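J.: input37.pdb is reproduced below (PDB, C-alpha atoms).
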ATOM      1  CA  MET A   1       1.165  14.139  20.061
ATOM      2  CA  PRO A   2       1.095  10.443  19.098
ATOM      3  CA  SER A   3       2.311   9.525  15.631
ATOM      4  CA  PRO A   4      -0.213   8.020  13.208
ATOM      5  CA  ALA A   5      -0.388   4.230  12.919
ATOM      6  CA  VAL A   6       1.383   2.943   9.833
ATOM      7  CA  ILE A   7       1.650  -0.423   8.104
ATOM      8  CA  ASN A   8       4.789  -1.872   6.567
ATOM      9  CA  VAL A   9       4.167  -2.421   2.844
ATOM     10  CA  GLY A  10       7.583  -3.978   2.315
ATOM     11  CA  PHE A  11      11.255  -3.019   2.321
ATOM     12  CA  ALA A  12      10.849  -0.548   5.220
ATOM     13  CA  ASN A  13       8.185   1.446   3.360
ATOM     14  CA  PHE A  14       5.137   2.490   5.364
ATOM     15  CA  VAL A  15       1.631   3.796   4.644
ATOM     16  CA  ALA A  16      -0.611   5.497   7.208
ATOM     17  CA  THR A  17      -3.409   3.054   8.033
ATOM     18  CA  SER A  18      -5.930   5.902   8.273
ATOM     19  CA  GLN A  19      -5.252   6.772   4.614
ATOM     20  CA  ILE A  20      -5.850   3.303   3.119
ATOM     21  CA  VAL A  21      -9.051   2.981   1.100
ATOM     22  CA  ALA A  22      -8.517  -0.364  -0.669
ATOM     23  CA  LEU A  23      -6.051  -3.229  -1.077
ATOM     24  CA  VAL A  24      -6.319  -4.787  -4.538
ATOM     25  CA  SER A  25      -4.555  -7.634  -6.332
ATOM     26  CA  SER A  26      -2.446  -6.605  -9.297
ATOM     27  CA  ASP A  27      -3.190  -9.778 -11.283
ATOM     28  CA  SER A  28      -5.918  -8.490 -13.589
ATOM     29  CA  ALA A  29      -5.303  -6.720 -16.885
ATOM     30  CA  PRO A  30      -7.427  -3.674 -15.924
ATOM     31  CA  MET A  31      -5.300  -3.152 -12.806
ATOM     32  CA  ARG A  32      -2.090  -3.423 -14.847
ATOM     33  CA  ARG A  33      -3.420  -0.828 -17.310
ATOM     34  CA  LEU A  34      -4.390   1.446 -14.425
ATOM     35  CA  VAL A  35      -0.867   1.186 -12.992
ATOM     36  CA  GLN A  36       0.648   2.076 -16.378
ATOM     37  CA  ASN A  37      -1.592   5.155 -16.653
ATOM     38  CA  LEU A  38      -0.867   6.236 -13.076
ATOM     39  CA  ARG A  39       2.868   5.821 -13.634
ATOM     40  CA  LYS A  40       2.644   8.268 -16.564
ATOM     41  CA  SER A  41       0.608  10.776 -14.535
ATOM     42  CA  GLY A  42       2.937  10.705 -11.514
ATOM     43  CA  ALA A  43       0.297   9.566  -9.000
ATOM     44  CA  LEU A  44       2.079   6.264  -8.352
ATOM     45  CA  ILE A  45       4.416   5.322  -5.509
ATOM     46  CA  ASP A  46       6.424   2.187  -6.277
ATOM     47  CA  ALA A  47       7.458   0.448  -3.031
ATOM     48  CA  THR A  48       8.384  -2.863  -4.664
ATOM     49  CA  HIS A  49      12.149  -2.264  -4.972
ATOM     50  CA  GLY A  50      12.109  -3.963  -8.368
ATOM     51  CA  ARG A  51      10.199  -7.036  -7.211
ATOM     52  CA  LYS A  52       6.961  -8.296  -8.744
ATOM     53  CA  THR A  53       3.961  -6.162  -7.806
ATOM     54  CA  LYS A  54       1.512  -8.289  -5.826
ATOM     55  CA  SER A  55      -0.855  -5.645  -4.472
ATOM     56  CA  ILE A  56      -2.040  -2.136  -5.155
ATOM     57  CA  ILE A  57      -2.937   0.174  -2.271
ATOM     58  CA  PHE A  58      -5.355   3.036  -2.924
ATOM     59  CA  THR A  59      -5.254   5.992  -0.518
ATOM     60  CA  LEU A  60      -7.581   8.852   0.399
ATOM     61  CA  SER A  61      -5.194  11.348  -1.197
ATOM     62  CA  SER A  62      -5.603   9.654  -4.618
ATOM     63  CA  GLN A  63      -2.052   8.316  -4.437
ATOM     64  CA  VAL A  64      -1.566   4.678  -5.341
ATOM     65  CA  VAL A  65       1.152   2.540  -3.738
ATOM     66  CA  LEU A  66       2.545  -0.636  -5.299
ATOM     67  CA  SER A  67       3.683  -3.357  -2.914
ATOM     68  CA  ALA A  68       5.535  -6.650  -3.358
ATOM     69  CA  ILE A  69       3.479  -8.077  -0.475
ATOM     70  CA  SER A  70       0.152  -9.770  -1.229
ATOM     71  CA  GLN A  71      -3.080  -8.012  -0.317
ATOM     72  CA  GLU A  72      -4.020 -10.933   1.941
ATOM     73  CA  THR A  73      -0.887 -10.396   4.028
ATOM     74  CA  LEU A  74      -1.440  -6.638   4.151
ATOM     75  CA  ALA A  75      -5.084  -7.139   5.156
ATOM     76  CA  ARG A  76      -3.996  -9.538   7.897
ATOM     77  CA  ARG A  77      -1.523  -6.944   9.168
ATOM     78  CA  LEU A  78      -4.253  -4.300   9.206
ATOM     79  CA  SER A  79      -6.848  -6.459  10.947
ATOM     80  CA  SER A  80      -4.426  -7.855  13.525
ATOM     81  CA  GLY A  81      -3.185  -4.391  14.423
ATOM     82  CA  GLU A  82       0.338  -5.257  13.285
ATOM     83  CA  SER A  83       1.183  -1.621  12.703
ATOM     84  CA  VAL A  84       3.773   0.819  13.955
ATOM     85  CA  GLY A  85       2.961   4.024  15.793
ATOM     86  CA  GLY A  86      -0.398   5.182  17.033
ATOM     87  CA  ASP A  87      -1.237   4.370  20.680
ATOM     88  CA  GLU A  88       1.404   1.651  20.952
ATOM     89  CA  GLU A  89       4.105   4.025  22.216
TER      90      GLU A  89
END
The structure given in the file should be rewritten as structure tokens.

T.:
Amino acid sequence: MPSPAVINVGFANFVATSQIVALVSSDSAPMRRLVQNLRKSGALIDATHGRKTKSIIFTLSSQVVLSAISQETLARRLSSGESVGGDEE
């Protein structure tokens, strides 16, 4: 059985591409408030390794992943097929 395609969201952390709903910039105040609330509720996965959060990844499972990589770079990786797994094996 082939493994699902995943995308590197920084520092050897991966998210299944089939689970990604949205890639959002973390620059706005409403997004920062949302991250604070999600951190309290436990629905947040911090993949920044202490770096500045540049993008927020929303998934189908209602989990939210923080990444130190910009959403433009992540979107480019998704659209170019720069992922690991899937049919590439």

J.: Within 9 Å of (-3.7, 5.9, -4.3) in the file's own coordinates, which protein, DNA or RNA residues have an atom, counting only C-alpha atoms? List them as a list of chain:residue names.

T.: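 Within 9 Å of (-3.7, 5.9, -4.3), the protein and nucleic acid residues are A:Ile20, A:Val21, A:Ala22, A:Ala43, A:Leu44, A:Ile45, A:Ile56, A:Ile57, A:Phe58, A:Thr59, A:Leu60, A:Ser61, A:Ser62, A:Gln63, A:Val64, A:Val65.
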
J.: Hey, which of A:Asn13, A:Ser18, A:Ser80, A:Thr53 ends up closest to Arg32 (chain A)? Count all atoms listed in the file.

T.: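 Of all the options, A:Thr53 lies closest to Arg32 (chain A).
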
J.: Would you mind telling me which residue in A:Gly50, A:Asn8, A:Leu66, A:Ser55 lies nearest to Leu38 (chain A) when using only C-alpha atoms?

T.: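 Of the candidates, the smallest distance to Leu38 (chain A) is held by A:Leu66.
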
J.: Here is a test: counting all atoms listed in the file, which residue of A:Met31, A:Thr17, A:Gly10, A:Ser3 is nearest to Gly81 (chain A)?

T.: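 Using all atoms listed in the file, the shortest distance to Gly81 (chain A) belongs to A:Thr17.
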
J.: Take CA of Lys40 (chain A) and CA of Leu23 (chain A) and report the distance between them in Å, one decimal.

T.: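 Computing the Euclidean distance for CA of Lys40 (chain A) and CA of Leu23 (chain A) yields 21.2 Å.
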
J.: Rounded to one decimal in Å, what is the spacing between CA of Arg51 (chain A) and CA of Ser79 (chain A)?

T.: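 That distance, rounded to one decimal, is 24.9 Å.
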